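Chemist: Let me begin by handing over the structure; questions about it come next.
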Amino acid sequence: METPVQAFERELLTLLPRLRRFARSLARDAADADDLTQVALERALKAKEQWQAGTRLDAWMYRIIRNCWIDEVRARTRRAQTFAPEEAGEGVGVAGDAEFKAEMHDVDRAMGELPDEQREVIALVLVEGLAYKEAADILDIPMGTLTSRLTRGRQALVRRLEAA
């Protein structure tokens with residue numbers, strides 16, 4: 001007697017050519033379609049208890065493939081927006097390198113002249129990009145203290161950089 005899990009897996013295997021064909025129609029590339037099919041099969045096998053016996057497994061799988069494809073397209077869009085093309089970085093660090101180093105030296109010197117409490121707040125919030133709340137928690141100070149130190153530190157830093 002075949003168990004429900006065995007029946008599910010057997011039926012899934014018989015659907016494989018149709019699933020690959022559907023994935024190919026979405027991806028328009030054989031390698032991408034194979035990857036898409038594999039991701040969808042993994043997702044289906046992990047969630048096989050969610051499939052209702054007696055319902056259409058093919059429709060369930062098509063929906064999974066489509067959702068996986070939507071996830072992939074969104075991820076590709078994010079990657080395209082996040083990473084610049086290689087050509088955009090070809091001139092980085094070539095022209096103006098000495099000027100950049102001089103500016104960084106000025107910033108480093110100006111940061112070194114700040115009182116410790118202002119320097120650490122600026123380092124956490126402006127340099128490391130932490131949220132005010134996170135920085136306040138790390139430094140174990142109230143939010144108001146953090147914001148006043150940050151304001152005073154920014155002003156002092158700007159004055160020192162303008163003087164440089």
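As shown in the structure tokens, the chain order sets the letters A, B, ...; within each chain, residues go from 1, and ligands are also counted from 1 in the order they appear.
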Residues at most 8 Å from region 113-117 of chain A, counting only C-alpha atoms, excluding those fewer than 4 positions away in the same chain, as a VMD selection string?

Modeler: chain A and resid 109 121 149 153 156 to 157

Chemist: Which residues are close to Leu26 (chain A), i.e. within 12 Å by only C-alpha atoms, leaving aside same-chain residues fewer than 6 positions away? Reply as a list in words.

Modeler: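 Near neighbours after the sequence-gap exclusion: Leu19, Arg20, Asp32, Ala33, Asp34, Asp35, Leu36, Thr37, Tyr62, Ile65, Arg66, Asn67, Cys68, Trp69, Ile70, Glu72 and Val73 of chain A.
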
Chemist: Separation of CA of Val5 (chain A) and CA of Glu49 (chain A), in Å?

Modeler: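 Calculated distance between CA of Val5 (chain A) and CA of Glu49 (chain A) is 8.6 Å.
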
Chemist: Please report, as a PyMOL selection string, each residue of chain A to which DSSP assigns alpha helix (DSSP H) when run on this structure's backbone.

Modeler: chain A and resi 4-27+30-46+57-82+97-113+116-122+132-139+143-163

Chemist: Can you pull out every residue within 12 Å of region 139-142 of chain A, counting only C-alpha atoms, but drop anything in the same chain fewer than 6 positions away, and send it as a VMD selection string?

Modeler: chain A and resid 116 to 125 130 132 to 133 148 to 149

Chemist: Those selected residues, please, written with N, CA and C atoms and delivered as a short mmCIF file (atom, residue, chain, number, x, y, z; two decimals), in the first residue's frame.

Modeler:
data_model
loop_
_atom_site.label_atom_id
_atom_site.label_comp_id
_atom_site.auth_asym_id
_atom_site.auth_seq_id
_atom_site.Cartn_x
_atom_site.Cartn_y
_atom_site.Cartn_z
N ASP A 116 36.11 62.86 23.56
CA ASP A 116 35.79 61.44 23.40
C ASP A 116 34.30 61.20 23.22
N GLU A 117 33.47 61.85 24.04
CA GLU A 117 32.03 61.58 23.99
C GLU A 117 31.43 61.99 22.64
N GLN A 118 31.92 63.08 22.04
CA GLN A 118 31.41 63.50 20.74
C GLN A 118 31.95 62.60 19.63
N ARG A 119 33.23 62.23 19.73
CA ARG A 119 33.85 61.40 18.72
C ARG A 119 33.17 60.04 18.64
N GLU A 120 32.86 59.43 19.80
CA GLU A 120 32.25 58.10 19.76
C GLU A 120 30.83 58.16 19.22
N VAL A 121 30.09 59.23 19.53
CA VAL A 121 28.73 59.37 18.99
C VAL A 121 28.78 59.55 17.48
N ILE A 122 29.68 60.41 17.00
CA ILE A 122 29.81 60.63 15.56
C ILE A 122 30.26 59.34 14.87
N ALA A 123 31.18 58.62 15.49
CA ALA A 123 31.65 57.37 14.89
C ALA A 123 30.51 56.35 14.76
N LEU A 124 29.69 56.24 15.78
CA LEU A 124 28.61 55.25 15.73
C LEU A 124 27.49 55.65 14.79
N VAL A 125 27.07 56.92 14.84
CA VAL A 125 25.91 57.35 14.06
C VAL A 125 26.29 57.72 12.62
N LEU A 130 24.66 53.62 12.57
CA LEU A 130 23.70 53.07 13.53
C LEU A 130 22.57 54.06 13.76
N TYR A 132 19.96 56.16 16.07
CA TYR A 132 20.20 56.88 17.33
C TYR A 132 19.95 55.97 18.53
N LYS A 133 18.85 55.23 18.50
CA LYS A 133 18.49 54.36 19.62
C LYS A 133 19.57 53.31 19.85
N SER A 148 22.25 65.60 21.72
CA SER A 148 22.98 66.84 22.00
C SER A 148 24.47 66.65 21.72
N ARG A 149 25.04 65.51 22.07
CA ARG A 149 26.46 65.26 21.77
C ARG A 149 26.69 65.22 20.26
#

Chemist: Could you check the closest approach to Arg154 (chain A) for each of A:Val127, A:Glu134, A:Ala47, A:Ala31 and tell me which residue wins, using only C-alpha atoms?

Modeler: A:Val127

Chemist: Rounded to one decimal in Å, what is the spacing between CA of Gln50 (chain A) and CA of Arg18 (chain A)?

Modeler: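 Taking CA of Gln50 (chain A) as the start and CA of Arg18 (chain A) as the end point, the length is 21.2 Å.
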